[in-house]
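Engineer: Next up is a structure, given as structure tokens.
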Amino acid sequence: MEATVSVLIGLFFAVAIYLLMSRQLVRILLGIAILGNAVNLLIFTSGRLLREVPPIIPEALQVPGETIANPLPQALILTAIVISFSFLAFLLVLAFRAYQELGTDDTNEMRVAEPTGDVRPPQGY
Amino acid sequence: MAAPDTAVDLSQAMRLEPVLLGDWLVVAPLLLTILGGALCLITRKNTQAQPKIAIIILTLLVLSCAGLLARVLDQGVVTMVAGAWLPPFGIAFTADALGATLALTSSLVALAVAVYGAVDIDRSGRRYGFYPFLLLLMTGVCGAFLTGDIFNLYVWFEVLLISSFGLLVLGNERAQLDGAVKYAILNIIATTLFLIATGLLYGIVGTLNMADIAIKAREIGMEGPLVTVAVLYFLAFAMKAAAFPVNFWLPASYHTPRIVVSAVFAGLLTKVGVYALLRIFVLLMPDARAALADLIALVAILTMLIGVFGALAQTDIRRMLGYLVISGIGSMLAGLAIGTTPALAGAIFYAVHSILVMTALYMAAGVMRALGGSYSLRELGGLYGANPTFAAVFLMLGFAVAGLPPFSGFWPKVLLVDAALVGGHGWIAASILITGLLTTIAIGRVWVFAFWRGGAEGTPDGYEKALAVPDPRVSGAGIWLPLGLLLGLIVLLGVQPEFMMQVAGRGAASLGEPLGYLRSVFGDAIQ
């Protein structure tokens, strides 16, 4: 189970990195969304994948009687999902506003903050 | 259902003794800033009251951080755990000399920025949340400095990141949106890398508590996936700290927001990245630091030199200062690359110095704009005639950033160069000295063009162009108090460095030999 999911995570990362290298802002945002999900899956898998085994310790025992999935990574993912969701929401608005103001979503043409052909620094006193 | 008979020994799971009153200081910075942020949010439309609330809260923050530092110096590392659960299960807040010093310095800078912002940020900027964002940014910064849990560190990074987005786009100008896109995307990728590394690390050591990781990673040594984790952490925090070659978000964005926002960013954000590098590579994974030392040294040298060359080639003062921030990051990384206790102390001292001086320089750039009407070295001129005192202040700040005595930049460079020579890292020592020289030239250029020259470019020699009437706010206490506070601290650290040396030494020692840190978290049983 873990091996299969690991391959899936690898695919997620590959797709995310491919999209992040793009010049189009929308594709970069898609890349970030997929990257976030890849990370969530990664943490999920690192806590063991088991179905239908509740992480409950029987009354007489000190430790679980059978192998259970670690619940902590799942709690971490919940945090990470909330954070990456809110960041993505912010980024979408930011990208839309940038597109409105700058008239382009091509990162090569987004040069307002760092104009090409800017005045050169003074050469002499 | 009757409750089963459970005579549980709670002392196995919890700290039963009540928390000492002084230990609450560990979480006081977070409580203060979150509550203050909420209060400022409630009073969002009352633009008159907001600065007052923020200044009061930040003054309390300075006091609580100073109290925390005094306590740490007096009694050693202080730990407090969430819900009183014993570590590693309860989320720990652990303040050592390093974290407490940086928290105190940051809160001083934030206070100065809040006062300056009362003049610099107009009513609409306040309504859009300058003060709530500033206070929540401080929550993130203080949380990152004081937490003892690596996932918690990730959360604080996100808190400070989202607040910094809000500050960055304050004003909604075209250049700001452009800069914010680059800043936001690259920083989110960096924190995602941090999260990946943390997930993998948890998979290997099975714990998130920093003290626990420190013990377990030392047992494992530098084997297998831990190398990958270390490299991922290095990449993530190098991006956060704007080290070469992942520094491009900084010069693209730091000159776009309001000058006071640039000031707080330049002071705090990159230093949190450096702090995380120190924490992870010295306390948690010393073997990783040793294995990656050559790489870190190379990155440090390139960051120093690329930063200062970039600074020499700028027309816009704010962009020049952005490159100087990057160059300073290189010096701190040099301390990490050398790795001995004096070198780490140098890096910590440098971080404190850099927080103060970069904020002060951006504030000074704001004053230059108010006096001369521009940030461009081609258009500025005659500022010496306009305000000789300010010319002297700028020159002092410039000497400080270049590392000339008797200012705060001198001593950390002495520590770093000495440690580099003792450790046989001649290249690092040479780079630090060359960077200092080039920084002096970069600052000298600004001073000659903006202050010494009679007017804008092309003004004939000896002719002094009368400046337009300066912005009346420039002469007010709202500008001079914060600038004076920071300058005073910079001079104080320069002429009386013993205290800071001692504190930085304590911080470095507790990173390198973490017994005190571990005992504070796990009790005295740890050997």
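Every chain in the structure tokens takes a letter, A first, then B, and so on in the order presented; its residues are numbered from 1, and the ligands are numbered from 1 following the presented order.
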Quick one: which chain A residues come within 6 Å of chain B, and what is the nearest atom pair for each with the distance in Å to one decimal, counting only C-alpha atoms, rows ordered by chain and ascending number, as JSON lines?

Structural biologist:
```
{"residue": "A:Val39", "atom": "CA", "partner": "B:Ile196", "partner_atom": "CA", "distance": 5.8}
{"residue": "A:Ile43", "atom": "CA", "partner": "B:Gly199", "partner_atom": "CA", "distance": 5.0}
{"residue": "A:Ser46", "atom": "CA", "partner": "B:Gly203", "partner_atom": "CA", "distance": 5.1}
{"residue": "A:Ala98", "atom": "CA", "partner": "B:Leu177", "partner_atom": "CA", "distance": 5.4}
{"residue": "A:Glu101", "atom": "CA", "partner": "B:Arg174", "partner_atom": "CA", "distance": 6.0}
{"residue": "A:Val112", "atom": "CA", "partner": "B:Ala175", "partner_atom": "CA", "distance": 5.2}
{"residue": "A:Ala113", "atom": "CA", "partner": "B:Ala175", "partner_atom": "CA", "distance": 4.6}
{"residue": "A:Pro121", "atom": "CA", "partner": "B:Thr315", "partner_atom": "CA", "distance": 4.5}
```

Engineer: With C-alpha atoms kept, could you save the residues just selected as a PDB file, in the first residue's frame?

Structural biologist:
```pdb
ATOM      1  CA  VAL A  39       3.130  17.051   0.749  1.00  0.00           C
ATOM      2  CA  ILE A  43       3.010  13.044   5.573  1.00  0.00           C
ATOM      3  CA  SER A  46       4.823   8.427   6.595  1.00  0.00           C
ATOM      4  CA  ALA A  98      -1.906  41.312 -10.583  1.00  0.00           C
ATOM      5  CA  GLU A 101      -3.247  45.701 -12.963  1.00  0.00           C
ATOM      6  CA  VAL A 112       6.891  46.613 -13.123  1.00  0.00           C
ATOM      7  CA  ALA A 113       8.833  46.233  -9.888  1.00  0.00           C
ATOM      8  CA  PRO A 121      23.319  53.960 -11.686  1.00  0.00           C
TER       9      PRO A 121
END
```

Engineer: Any idea what's packed within 7 Å of range 2-9 of chain A, counting only C-alpha atoms, ignoring anything in its chain fewer than 2 positions away? Could you give it as a PDB file with N, CA and C atoms, in the first residue's frame?

Structural biologist:
```pdb
ATOM      1  N   LEU A  11       4.660  11.077  -8.533  1.00  0.00           N
ATOM      2  CA  LEU A  11       4.004  11.663  -9.700  1.00  0.00           C
ATOM      3  C   LEU A  11       3.484  13.063  -9.383  1.00  0.00           C
ATOM      4  N   PHE A  12       2.887  13.200  -8.224  1.00  0.00           N
ATOM      5  CA  PHE A  12       2.370  14.510  -7.806  1.00  0.00           C
ATOM      6  C   PHE A  12       3.493  15.547  -7.803  1.00  0.00           C
ATOM      7  N   PHE A  13       4.624  15.162  -7.205  1.00  0.00           N
ATOM      8  CA  PHE A  13       5.746  16.096  -7.135  1.00  0.00           C
ATOM      9  C   PHE A  13       6.239  16.448  -8.534  1.00  0.00           C
ATOM     10  N   ALA A  38       0.677  16.971  -2.648  1.00  0.00           N
ATOM     11  CA  ALA A  38       1.754  15.969  -2.623  1.00  0.00           C
ATOM     12  C   ALA A  38       2.338  15.884  -1.215  1.00  0.00           C
ATOM     13  N   LEU A  41      -0.055  14.113   1.177  1.00  0.00           N
ATOM     14  CA  LEU A  41      -0.016  12.661   0.985  1.00  0.00           C
ATOM     15  C   LEU A  41       1.263  12.074   1.570  1.00  0.00           C
ATOM     16  N   LEU A  42       2.369  12.816   1.403  1.00  0.00           N
ATOM     17  CA  LEU A  42       3.656  12.331   1.911  1.00  0.00           C
ATOM     18  C   LEU A  42       3.600  12.144   3.424  1.00  0.00           C
ATOM     19  N   THR A  45       1.357   9.224   4.363  1.00  0.00           N
ATOM     20  CA  THR A  45       1.963   7.911   4.156  1.00  0.00           C
ATOM     21  C   THR A  45       3.034   7.618   5.204  1.00  0.00           C
ATOM     22  N   LEU A  49      -0.173   3.368   6.456  1.00  0.00           N
ATOM     23  CA  LEU A  49      -1.518   3.346   5.866  1.00  0.00           C
ATOM     24  C   LEU A  49      -2.193   2.029   6.221  1.00  0.00           C
TER      25      LEU A  49
END
```

Engineer: Which of range 6-60 of chain A counts as helix (DSSP H, G or I) under DSSP, as an MDAnalysis selection string please?

Structural biologist: chainID A and resid 6:20 25:46

Engineer: Which residues come within 9 Å of Pro51 in chain B, counting only C-alpha atoms, excluding same-chain residues fewer than 4 positions away, as a PyMOL selection string?

Structural biologist: chain B and resi 40+47+55-56+114-115+117-118+126+131

Engineer: So that I can see what lies close to Leu226 in chain B, please list as a list in words the residues with an atom at most 12 Å from it, counting only C-alpha atoms and leaving out residues fewer than 4 positions away in the same chain.

Structural biologist: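 Neighbouring residues, sequence-local ones excluded: Ala197, Thr198, Gly199, Leu200, Leu201, Tyr202, Gly203, Ile204, Val205, Ile213, Lys216, Ala217, Arg218, Glu219, Ile220, Gly221, Met222, Ala230, Val231, Leu232, Tyr233, Phe281, Leu284, Met285, Pro286, Asp287, Ala288, Arg289 and Ala291 of chain B.
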
Engineer: Please determine, counting only C-alpha atoms, which residue among A:Ser86, A:Thr67, A:Gln62, A:Gln24 has the shortest atom-to-atom distance to Gly36 in chain A.

Structural biologist: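 Closest to Gly36 in chain A, using only C-alpha atoms: A:Ser86.
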